[in-house]
>>> print(open('entry07.pdb').read())   # PDB, C-alpha atoms
MODEL        1
ATOM      1  CA  MET A   1     124.970 163.594  93.828  1.00  0.00           C
ATOM      2  CA  SER A   2     125.429 163.144  97.534  1.00  0.00           C
ATOM      3  CA  TYR A   3     128.498 161.629  99.109  1.00  0.00           C
ATOM      4  CA  ALA A   4     126.357 158.833 100.618  1.00  0.00           C
ATOM      5  CA  GLN A   5     125.560 157.551  97.099  1.00  0.00           C
ATOM      6  CA  VAL A   6     129.201 157.073  96.102  1.00  0.00           C
ATOM      7  CA  ASN A   7     131.096 153.865  96.952  1.00  0.00           C
ATOM      8  CA  LEU A   8     134.785 154.462  96.219  1.00  0.00           C
ATOM      9  CA  LEU A   9     136.050 151.361  98.075  1.00  0.00           C
ATOM     10  CA  SER A  10     134.464 148.478  96.131  1.00  0.00           C
ATOM     11  CA  SER A  11     132.158 147.715  93.218  1.00  0.00           C
ATOM     12  CA  ASP A  12     128.411 148.230  93.438  1.00  0.00           C
ATOM     13  CA  GLY A  13     127.903 144.683  92.143  1.00  0.00           C
ATOM     14  CA  THR A  14     125.735 143.899  89.118  1.00  0.00           C
ATOM     15  CA  ALA A  15     123.000 146.414  89.961  1.00  0.00           C
ATOM     16  CA  PRO A  16     123.773 150.071  89.211  1.00  0.00           C
ATOM     17  CA  ASN A  17     123.613 152.662  91.939  1.00  0.00           C
ATOM     18  CA  SER A  18     120.190 154.310  91.824  1.00  0.00           C
ATOM     19  CA  GLY A  19     120.337 157.750  90.240  1.00  0.00           C
ATOM     20  CA  THR A  20     123.847 157.231  88.824  1.00  0.00           C
ATOM     21  CA  LYS A  21     124.541 156.974  85.094  1.00  0.00           C
ATOM     22  CA  LEU A  22     127.527 155.412  83.361  1.00  0.00           C
ATOM     23  CA  GLY A  23     130.085 158.121  82.692  1.00  0.00           C
ATOM     24  CA  ASP A  24     129.022 160.295  85.648  1.00  0.00           C
ATOM     25  CA  ILE A  25     131.965 162.105  87.256  1.00  0.00           C
ATOM     26  CA  TYR A  26     132.375 162.618  91.003  1.00  0.00           C
ATOM     27  CA  ARG A  27     135.021 164.959  92.432  1.00  0.00           C
ATOM     28  CA  VAL A  28     136.610 164.546  95.864  1.00  0.00           C
ATOM     29  CA  GLY A  29     139.204 167.225  96.461  1.00  0.00           C
ATOM     30  CA  GLY A  30     141.399 167.184  93.355  1.00  0.00           C
ATOM     31  CA  ALA A  31     140.543 163.588  92.397  1.00  0.00           C
ATOM     32  CA  LEU A  32     137.947 162.654  89.783  1.00  0.00           C
ATOM     33  CA  TYR A  33     136.081 159.340  89.731  1.00  0.00           C
ATOM     34  CA  MET A  34     134.051 158.013  86.784  1.00  0.00           C
ATOM     35  CA  TYR A  35     131.123 155.590  87.097  1.00  0.00           C
ATOM     36  CA  CYS A  36     131.697 152.562  84.850  1.00  0.00           C
ATOM     37  CA  LYS A  37     130.539 149.026  84.127  1.00  0.00           C
ATOM     38  CA  SER A  38     133.180 146.304  83.707  1.00  0.00           C
ATOM     39  CA  SER A  39     133.491 144.253  80.518  1.00  0.00           C
ATOM     40  CA  ALA A  40     135.532 141.609  82.391  1.00  0.00           C
ATOM     41  CA  ALA A  41     137.211 141.065  85.739  1.00  0.00           C
ATOM     42  CA  LEU A  42     139.539 144.032  86.355  1.00  0.00           C
ATOM     43  CA  ALA A  43     142.777 143.907  88.338  1.00  0.00           C
ATOM     44  CA  GLN A  44     143.285 146.173  91.317  1.00  0.00           C
ATOM     45  CA  TYR A  45     145.327 149.209  90.142  1.00  0.00           C
ATOM     46  CA  GLY A  46     145.062 148.149  86.476  1.00  0.00           C
ATOM     47  CA  ALA A  47     144.558 150.967  83.976  1.00  0.00           C
ATOM     48  CA  CYS A  48     141.282 150.498  82.088  1.00  0.00           C
ATOM     49  CA  THR A  49     140.039 152.076  78.896  1.00  0.00           C
ATOM     50  CA  VAL A  50     136.432 153.253  78.950  1.00  0.00           C
ATOM     51  CA  SER A  51     134.144 153.231  75.910  1.00  0.00           C
ATOM     52  CA  ILE A  52     131.768 156.061  75.088  1.00  0.00           C
ATOM     53  CA  ALA A  53     129.027 153.826  76.570  1.00  0.00           C
ATOM     54  CA  GLY A  54     130.878 153.803  79.946  1.00  0.00           C
ATOM     55  CA  VAL A  55     132.134 150.210  79.739  1.00  0.00           C
ATOM     56  CA  ALA A  56     135.628 149.655  81.183  1.00  0.00           C
ATOM     57  CA  ALA A  57     138.000 147.046  79.747  1.00  0.00           C
ATOM     58  CA  PRO A  58     141.534 146.096  80.813  1.00  0.00           C
ATOM     59  CA  GLY A  59     143.636 148.811  79.223  1.00  0.00           C
ATOM     60  CA  THR A  60     146.089 147.951  76.461  1.00  0.00           C
ATOM     61  CA  THR A  61     147.409 149.682  73.374  1.00  0.00           C
ATOM     62  CA  THR A  62     144.740 147.735  71.442  1.00  0.00           C
ATOM     63  CA  THR A  63     141.767 148.784  73.619  1.00  0.00           C
ATOM     64  CA  SER A  64     143.064 152.342  73.566  1.00  0.00           C
ATOM     65  CA  GLY A  65     142.311 152.401  69.829  1.00  0.00           C
ATOM     66  CA  ALA A  66     143.212 155.249  67.522  1.00  0.00           C
ATOM     67  CA  MET A  67     141.061 157.968  69.080  1.00  0.00           C
ATOM     68  CA  PRO A  68     140.969 159.772  72.420  1.00  0.00           C
ATOM     69  CA  THR A  69     139.744 157.238  74.980  1.00  0.00           C
ATOM     70  CA  ALA A  70     138.860 157.787  78.654  1.00  0.00           C
ATOM     71  CA  VAL A  71     140.907 155.888  81.249  1.00  0.00           C
ATOM     72  CA  VAL A  72     140.120 154.881  84.843  1.00  0.00           C
ATOM     73  CA  ILE A  73     142.248 153.059  87.407  1.00  0.00           C
ATOM     74  CA  PRO A  74     140.141 151.157  89.962  1.00  0.00           C
ATOM     75  CA  GLN A  75     141.884 151.074  93.323  1.00  0.00           C
ATOM     76  CA  PHE A  76     140.249 147.700  94.102  1.00  0.00           C
ATOM     77  CA  ALA A  77     139.677 144.512  92.108  1.00  0.00           C
ATOM     78  CA  VAL A  78     136.432 144.267  90.137  1.00  0.00           C
ATOM     79  CA  ALA A  79     135.568 140.571  90.362  1.00  0.00           C
ATOM     80  CA  ALA A  80     133.608 139.970  87.157  1.00  0.00           C
ATOM     81  CA  ALA A  81     132.034 141.386  84.018  1.00  0.00           C
ATOM     82  CA  ASP A  82     128.955 143.594  84.340  1.00  0.00           C
ATOM     83  CA  GLU A  83     129.884 145.067  87.724  1.00  0.00           C
ATOM     84  CA  TYR A  84     129.350 148.779  88.334  1.00  0.00           C
ATOM     85  CA  PHE A  85     132.085 150.803  90.026  1.00  0.00           C
ATOM     86  CA  TRP A  86     133.720 154.197  90.481  1.00  0.00           C
ATOM     87  CA  GLY A  87     137.198 154.259  88.937  1.00  0.00           C
ATOM     88  CA  TRP A  88     139.823 156.930  89.599  1.00  0.00           C
ATOM     89  CA  HIS A  89     139.838 159.132  86.496  1.00  0.00           C
ATOM     90  CA  GLY A  90     142.676 161.502  87.412  1.00  0.00           C
ATOM     91  CA  GLY A  91     142.032 165.086  88.352  1.00  0.00           C
ATOM     92  CA  ASP A  92     143.914 168.226  89.210  1.00  0.00           C
ATOM     93  CA  PHE A  93     147.174 167.216  90.876  1.00  0.00           C
ATOM     94  CA  SER A  94     145.456 164.355  92.703  1.00  0.00           C
ATOM     95  CA  ARG A  95     147.925 162.195  94.594  1.00  0.00           C
ATOM     96  CA  TYR A  96     145.797 160.844  97.449  1.00  0.00           C
ATOM     97  CA  ASP A  97     142.316 159.392  97.684  1.00  0.00           C
ATOM     98  CA  TRP A  98     139.634 160.816  99.966  1.00  0.00           C
ATOM     99  CA  LEU A  99     141.016 158.832 102.927  1.00  0.00           C
ATOM    100  CA  GLY A 100     144.561 160.152 102.407  1.00  0.00           C
ATOM    101  CA  ASN A 101     145.937 156.949 100.829  1.00  0.00           C
ATOM    102  CA  PRO A 102     148.192 157.204  97.759  1.00  0.00           C
ATOM    103  CA  PHE A 103     146.885 156.150  94.357  1.00  0.00           C
ATOM    104  CA  TYR A 104     148.513 153.184  92.587  1.00  0.00           C
ATOM    105  CA  VAL A 105     148.806 151.904  89.010  1.00  0.00           C
ATOM    106  CA  LEU A 106     150.281 148.661  87.657  1.00  0.00           C
ATOM    107  CA  ALA A 107     153.608 149.581  86.046  1.00  0.00           C
ATOM    108  CA  ALA A 108     156.113 147.625  83.965  1.00  0.00           C
ATOM    109  CA  LEU A 109     159.672 147.066  85.156  1.00  0.00           C
ATOM    110  CA  ASN A 110     162.172 149.906  85.108  1.00  0.00           C
ATOM    111  CA  CYS A 111     159.647 152.762  85.066  1.00  0.00           C
ATOM    112  CA  ALA A 112     160.953 156.183  86.015  1.00  0.00           C
ATOM    113  CA  SER A 113     159.129 158.695  88.156  1.00  0.00           C
ATOM    114  CA  SER A 114     157.820 161.994  86.823  1.00  0.00           C
ATOM    115  CA  VAL A 115     157.751 161.001  83.138  1.00  0.00           C
ATOM    116  CA  LYS A 116     154.944 160.332  80.663  1.00  0.00           C
ATOM    117  CA  LEU A 117     153.247 156.935  80.914  1.00  0.00           C
ATOM    118  CA  TYR A 118     151.817 154.876  78.079  1.00  0.00           C
ATOM    119  CA  THR A 119     149.623 151.849  77.458  1.00  0.00           C
ATOM    120  CA  THR A 120     151.262 148.463  76.832  1.00  0.00           C
ATOM    121  CA  GLY A 121     150.250 145.109  75.349  1.00  0.00           C
ATOM    122  CA  THR A 122     149.675 143.747  78.873  1.00  0.00           C
ATOM    123  CA  ASP A 123     146.229 144.192  80.469  1.00  0.00           C
ATOM    124  CA  GLY A 124     146.188 147.203  82.789  1.00  0.00           C
ATOM    125  CA  VAL A 125     149.967 147.764  82.828  1.00  0.00           C
ATOM    126  CA  VAL A 126     151.562 151.112  81.938  1.00  0.00           C
ATOM    127  CA  ASP A 127     155.155 151.854  80.913  1.00  0.00           C
ATOM    128  CA  ASP A 128     157.402 154.810  80.147  1.00  0.00           C
ATOM    129  CA  SER A 129     158.146 153.474  76.622  1.00  0.00           C
ATOM    130  CA  ALA A 130     156.135 155.417  74.048  1.00  0.00           C
ATOM    131  CA  THR A 131     152.958 153.853  72.597  1.00  0.00           C
ATOM    132  CA  ASP A 132     149.580 155.475  73.423  1.00  0.00           C
ATOM    133  CA  LEU A 133     150.104 158.257  75.968  1.00  0.00           C
ATOM    134  CA  ILE A 134     147.864 158.280  79.038  1.00  0.00           C
ATOM    135  CA  ASN A 135     147.596 162.034  79.427  1.00  0.00           C
ATOM    136  CA  GLY A 136     148.026 163.293  82.978  1.00  0.00           C
ATOM    137  CA  LEU A 137     149.404 160.118  84.617  1.00  0.00           C
ATOM    138  CA  LEU A 138     152.876 159.834  86.149  1.00  0.00           C
ATOM    139  CA  LEU A 139     154.598 157.717  88.788  1.00  0.00           C
ATOM    140  CA  THR A 140     155.795 159.316  92.008  1.00  0.00           C
ATOM    141  CA  GLU A 141     158.512 156.680  92.453  1.00  0.00           C
ATOM    142  CA  THR A 142     161.021 154.895  90.220  1.00  0.00           C
ATOM    143  CA  ILE A 143     160.594 151.117  90.134  1.00  0.00           C
ATOM    144  CA  THR A 144     162.864 148.301  88.937  1.00  0.00           C
ATOM    145  CA  THR A 145     160.390 145.399  89.095  1.00  0.00           C
ATOM    146  CA  ALA A 146     156.888 145.282  87.599  1.00  0.00           C
ATOM    147  CA  ARG A 147     154.404 146.078  90.368  1.00  0.00           C
ATOM    148  CA  ALA A 148     151.793 148.504  91.664  1.00  0.00           C
ATOM    149  CA  ALA A 149     153.538 151.862  91.961  1.00  0.00           C
ATOM    150  CA  THR A 150     152.441 155.110  93.565  1.00  0.00           C
ATOM    151  CA  CYS A 151     151.268 157.658  91.062  1.00  0.00           C
ATOM    152  CA  MET A 152     149.452 160.939  90.616  1.00  0.00           C
ATOM    153  CA  SER A 153     147.535 162.811  87.989  1.00  0.00           C
ATOM    154  CA  VAL A 154     147.810 166.312  86.642  1.00  0.00           C
ATOM    155  CA  ALA A 155     144.666 166.060  84.459  1.00  0.00           C
ATOM    156  CA  PRO A 156     141.761 163.706  83.747  1.00  0.00           C
ATOM    157  CA  PHE A 157     143.055 160.503  82.118  1.00  0.00           C
ATOM    158  CA  VAL A 158     142.658 160.079  78.363  1.00  0.00           C
ATOM    159  CA  THR A 159     144.742 158.235  75.749  1.00  0.00           C
ATOM    160  CA  ASN A 160     145.661 159.260  72.194  1.00  0.00           C
ATOM    161  CA  CYS A 161     145.764 162.978  72.777  1.00  0.00           C
ATOM    162  CA  GLN A 162     149.445 163.415  71.860  1.00  0.00           C
ATOM    163  CA  ASP A 163     149.043 163.533  68.063  1.00  0.00           C
TER     164      ASP A 163
ENDMDL
END
>>> encode(input="entry07.pdb", output="structure tokens")
Amino acid sequence: MSYAQVNLLSSDGTAPNSGTKLGDIYRVGGALYMYCKSSAALAQYGACTVSIAGVAAPGTTTTSGAMPTAVVIPQFAVAAADEYFWGWHGGDFSRYDWLGNPFYVLAALNCASSVKLYTTGTDGVVDDSATDLINGLLLTETITTARAATCMSVAPFVTNCQD
């Protein structure tokens, strides 16, 4: 897949990118991006769970289910259901996107840096209180209020791999 085919800054709208399949992975440096279709509007920086069919939903402990589930974190808002987009899927020590900007994730209040992060009952929000682990994701700052926080990955994102 050529770089010209990949739009990492916004959704591709309701028509898929020609030659790209749901679930395709694109690597830029250490960062991985997965091609998905939204099941609903998705918040900027909200963690999303991705079905085997490549459909991304706002991530919660419920959508994470009881099996390993892929996770992406779009770095832009996806306006509606049925939009195609590339979501950040982690990678090998990825901390910055291809333009050199830090990655962000929506985090609950009082989250510590450099600890394991988990799904919550709130759409797209992660926390450091144990529920379903999002393997490979950690904050690079400690926060006291719920907000988008800088983060990094040490592996591709997947939930329910801690058991």
>>> closest_residue(input="entry07.pdb", among="A:Tyr35, A:Tyr26, A:Phe157, A:Trp98", to="Thr49 (chain A)", atoms="only C-alpha atoms")
A:Phe157
>>> closest_residue(input="entry07.pdb", among="A:Val126, A:Gly100, A:Met152, A:Phe76", to="Ser114 (chain A)", atoms="all atoms listed in the file")
A:Met152
>>> atom_distance(input="entry07.pdb", atom1="CA of Pro68 (chain A)", atom2="CA of Asn160 (chain A)")
4.7 Å
>>> resolve_selection(input="entry07.pdb", expression="the PyMOL selection byres ((chain A and resi 38) around 7)", output="ChimeraX atom specification")
/A:36-37,39-41,55-57,81-84
>>> resolve_selection(input="entry07.pdb", expression="the PyMOL selection byres ((chain A and resi 87) around 12)", output="mmCIF file with C-alpha atoms, keeping the file's coordinate frame")
data_model
loop_
_atom_site.group_PDB
_atom_site.id
_atom_site.type_symbol
_atom_site.label_atom_id
_atom_site.label_comp_id
_atom_site.auth_asym_id
_atom_site.auth_seq_id
_atom_site.Cartn_x
_atom_site.Cartn_y
_atom_site.Cartn_z
ATOM 1 C CA VAL A 6 129.201 157.073 96.102
ATOM 2 C CA ASN A 7 131.096 153.865 96.952
ATOM 3 C CA LEU A 8 134.785 154.462 96.219
ATOM 4 C CA LEU A 9 136.050 151.361 98.075
ATOM 5 C CA SER A 10 134.464 148.478 96.131
ATOM 6 C CA SER A 11 132.158 147.715 93.218
ATOM 7 C CA ASP A 12 128.411 148.230 93.438
ATOM 8 C CA LEU A 22 127.527 155.412 83.361
ATOM 9 C CA GLY A 23 130.085 158.121 82.692
ATOM 10 C CA ASP A 24 129.022 160.295 85.648
ATOM 11 C CA ILE A 25 131.965 162.105 87.256
ATOM 12 C CA TYR A 26 132.375 162.618 91.003
ATOM 13 C CA ARG A 27 135.021 164.959 92.432
ATOM 14 C CA ALA A 31 140.543 163.588 92.397
ATOM 15 C CA LEU A 32 137.947 162.654 89.783
ATOM 16 C CA TYR A 33 136.081 159.340 89.731
ATOM 17 C CA MET A 34 134.051 158.013 86.784
ATOM 18 C CA TYR A 35 131.123 155.590 87.097
ATOM 19 C CA CYS A 36 131.697 152.562 84.850
ATOM 20 C CA LYS A 37 130.539 149.026 84.127
ATOM 21 C CA SER A 38 133.180 146.304 83.707
ATOM 22 C CA LEU A 42 139.539 144.032 86.355
ATOM 23 C CA ALA A 43 142.777 143.907 88.338
ATOM 24 C CA GLN A 44 143.285 146.173 91.317
ATOM 25 C CA TYR A 45 145.327 149.209 90.142
ATOM 26 C CA GLY A 46 145.062 148.149 86.476
ATOM 27 C CA ALA A 47 144.558 150.967 83.976
ATOM 28 C CA CYS A 48 141.282 150.498 82.088
ATOM 29 C CA THR A 49 140.039 152.076 78.896
ATOM 30 C CA VAL A 50 136.432 153.253 78.950
ATOM 31 C CA GLY A 54 130.878 153.803 79.946
ATOM 32 C CA VAL A 55 132.134 150.210 79.739
ATOM 33 C CA ALA A 56 135.628 149.655 81.183
ATOM 34 C CA ALA A 57 138.000 147.046 79.747
ATOM 35 C CA ALA A 70 138.860 157.787 78.654
ATOM 36 C CA VAL A 71 140.907 155.888 81.249
ATOM 37 C CA VAL A 72 140.120 154.881 84.843
ATOM 38 C CA ILE A 73 142.248 153.059 87.407
ATOM 39 C CA PRO A 74 140.141 151.157 89.962
ATOM 40 C CA GLN A 75 141.884 151.074 93.323
ATOM 41 C CA PHE A 76 140.249 147.700 94.102
ATOM 42 C CA ALA A 77 139.677 144.512 92.108
ATOM 43 C CA VAL A 78 136.432 144.267 90.137
ATOM 44 C CA GLU A 83 129.884 145.067 87.724
ATOM 45 C CA TYR A 84 129.350 148.779 88.334
ATOM 46 C CA PHE A 85 132.085 150.803 90.026
ATOM 47 C CA TRP A 86 133.720 154.197 90.481
ATOM 48 C CA TRP A 88 139.823 156.930 89.599
ATOM 49 C CA HIS A 89 139.838 159.132 86.496
ATOM 50 C CA GLY A 90 142.676 161.502 87.412
ATOM 51 C CA GLY A 91 142.032 165.086 88.352
ATOM 52 C CA ASP A 97 142.316 159.392 97.684
ATOM 53 C CA PHE A 103 146.885 156.150 94.357
ATOM 54 C CA TYR A 104 148.513 153.184 92.587
ATOM 55 C CA VAL A 105 148.806 151.904 89.010
ATOM 56 C CA PRO A 156 141.761 163.706 83.747
ATOM 57 C CA PHE A 157 143.055 160.503 82.118
#
>>> atom_distance(input="entry07.pdb", atom1="CA of Asn110 (chain A)", atom2="CA of Val154 (chain A)")
21.9 Å
>>> atom_distance(input="entry07.pdb", atom1="CA of Gly121 (chain A)", atom2="CA of Gly59 (chain A)")
8.5 Å
>>> axis_aligned_box(input="entry07.pdb", around="region 116-132 of chain A", padding_each_side="6 Å", output="JSON")
{"center_x": 152.2, "center_y": 152.0, "center_z": 77.7, "size_x": 24.0, "size_y": 28.6, "size_z": 22.2}
>>> residues_near_point(input="entry07.pdb", point="(160.3, 139.3, 86.5)", cutoff="12 Å", atoms="all atoms listed in the file", output="list of chain:residue names")
A:Ala108, A:Leu109, A:Asn110, A:Thr144, A:Thr145, A:Ala146, A:Arg147
>>> resolve_selection(input="entry07.pdb", expression="the PyMOL selection byres ((chain A and resi 116) around 10)", output="PyMOL selection string")
chain A and resi 111-115+117-118+126-130+133-139
>>> closest_residue(input="entry07.pdb", among="A:Thr14, A:Thr62, A:Ser94, A:Thr122", to="Ala79 (chain A)", atoms="all atoms listed in the file")
A:Thr14
>>> closest_residue(input="entry07.pdb", among="A:Gly65, A:Pro58, A:Gly124, A:Gly29", to="Tyr96 (chain A)", atoms="all atoms listed in the file")
A:Gly29
>>> decode(input="entry07.pdb", residues="region 37-141 of chain A", atoms="C-alpha atoms", output="CSV table (one decimal), in the first residue's frame")
chain,number,residue,atom,x,y,z
A,37,LYS,CA,-15.5,1.4,9.8
A,38,SER,CA,-17.3,3.2,12.6
A,39,SER,CA,-20.5,1.8,14.2
A,40,ALA,CA,-21.4,5.3,15.5
A,41,ALA,CA,-19.9,8.7,15.9
A,42,LEU,CA,-16.5,8.4,17.6
A,43,ALA,CA,-14.8,10.9,19.9
A,44,GLN,CA,-11.4,12.3,19.1
A,45,TYR,CA,-8.9,10.4,21.2
A,46,GLY,CA,-11.5,7.9,22.4
A,47,ALA,CA,-10.4,4.3,22.7
A,48,CYS,CA,-12.5,2.1,20.4
A,49,THR,CA,-12.9,-1.7,20.3
A,50,VAL,CA,-12.8,-3.3,16.9
A,51,SER,CA,-14.8,-6.4,15.9
A,52,ILE,CA,-13.4,-9.2,13.8
A,53,ALA,CA,-15.3,-7.6,10.9
A,54,GLY,CA,-13.3,-4.4,11.3
A,55,VAL,CA,-16.1,-2.3,12.8
A,56,ALA,CA,-15.0,0.1,15.5
A,57,ALA,CA,-17.3,1.0,18.4
A,58,PRO,CA,-16.8,3.4,21.4
A,59,GLY,CA,-14.7,1.3,23.7
A,60,THR,CA,-16.1,0.2,27.1
A,61,THR,CA,-15.7,-2.8,29.3
A,62,THR,CA,-18.9,-4.1,27.7
A,63,THR,CA,-17.8,-3.7,24.1
A,64,SER,CA,-14.4,-5.3,25.1
A,65,GLY,CA,-16.3,-8.5,25.8
A,66,ALA,CA,-14.7,-11.6,27.3
A,67,MET,CA,-12.2,-12.4,24.5
A,68,PRO,CA,-9.2,-10.6,23.1
A,69,THR,CA,-10.4,-7.6,21.1
A,70,ALA,CA,-8.5,-5.2,18.9
A,71,VAL,CA,-8.4,-1.5,20.0
A,72,VAL,CA,-7.8,1.7,18.0
A,73,ILE,CA,-7.6,5.3,19.1
A,74,PRO,CA,-8.6,7.7,16.3
A,75,GLN,CA,-6.7,11.0,16.7
A,76,PHE,CA,-9.6,12.9,15.1
A,77,ALA,CA,-13.4,12.8,15.6
A,78,VAL,CA,-15.3,10.4,13.3
A,79,ALA,CA,-18.5,12.2,12.7
A,80,ALA,CA,-21.0,9.4,12.1
A,81,ALA,CA,-21.7,5.7,11.7
A,82,ASP,CA,-20.4,3.9,8.6
A,83,GLU,CA,-17.4,6.2,8.1
A,84,TYR,CA,-14.1,4.6,7.1
A,85,PHE,CA,-10.9,5.6,8.9
A,86,TRP,CA,-7.4,4.7,10.0
A,87,GLY,CA,-7.2,4.4,13.8
A,88,TRP,CA,-3.9,4.3,15.8
A,89,HIS,CA,-3.5,0.7,16.8
A,90,GLY,CA,-0.3,1.0,18.9
A,91,GLY,CA,3.0,-0.3,17.7
A,92,ASP,CA,6.5,-0.7,18.9
A,93,PHE,CA,7.3,2.1,21.4
A,94,SER,CA,5.2,4.6,19.3
A,95,ARG,CA,4.9,7.9,21.0
A,96,TYR,CA,4.5,10.3,18.1
A,97,ASP,CA,2.5,10.3,14.9
A,98,TRP,CA,4.1,10.6,11.5
A,99,LEU,CA,4.2,14.4,11.8
A,100,GLY,CA,5.9,14.3,15.2
A,101,ASN,CA,2.8,15.1,17.2
A,102,PRO,CA,2.2,13.1,20.5
A,103,PHE,CA,-0.6,10.6,20.6
A,104,TYR,CA,-3.6,11.2,23.0
A,105,VAL,CA,-6.2,9.0,24.6
A,106,LEU,CA,-9.2,10.1,26.7
A,107,ALA,CA,-8.4,9.2,30.4
A,108,ALA,CA,-10.4,9.3,33.6
A,109,LEU,CA,-9.4,11.6,36.5
A,110,ASN,CA,-6.4,10.8,38.6
A,111,CYS,CA,-4.6,8.5,36.1
A,112,ALA,CA,-0.9,7.9,36.7
A,113,SER,CA,1.7,7.8,34.1
A,114,SER,CA,3.6,4.6,33.1
A,115,VAL,CA,1.0,2.1,34.5
A,116,LYS,CA,-1.4,-0.3,32.9
A,117,LEU,CA,-4.6,1.2,31.4
A,118,TYR,CA,-8.0,-0.4,31.3
A,119,THR,CA,-11.4,0.0,29.7
A,120,THR,CA,-14.2,1.7,31.7
A,121,GLY,CA,-18.0,2.0,31.6
A,122,THR,CA,-17.6,5.4,29.8
A,123,ASP,CA,-17.4,5.5,26.0
A,124,GLY,CA,-13.8,5.7,24.9
A,125,VAL,CA,-12.3,6.6,28.3
A,126,VAL,CA,-9.5,4.6,29.9
A,127,ASP,CA,-8.4,4.4,33.6
A,128,ASP,CA,-5.7,2.9,35.7
A,129,SER,CA,-8.3,0.9,37.8
A,130,ALA,CA,-8.3,-2.7,36.8
A,131,THR,CA,-11.1,-4.0,34.5
A,132,ASP,CA,-10.2,-5.1,30.9
A,133,LEU,CA,-6.5,-4.4,30.3
A,134,ILE,CA,-5.6,-2.6,27.1
A,135,ASN,CA,-2.3,-4.3,26.4
A,136,GLY,CA,0.5,-2.0,25.4
A,137,LEU,CA,-1.1,1.4,26.3
A,138,LEU,CA,0.2,3.8,28.9
A,139,LEU,CA,0.1,7.5,29.7
A,140,THR,CA,3.2,9.6,29.5
A,141,GLU,CA,1.9,12.1,32.0
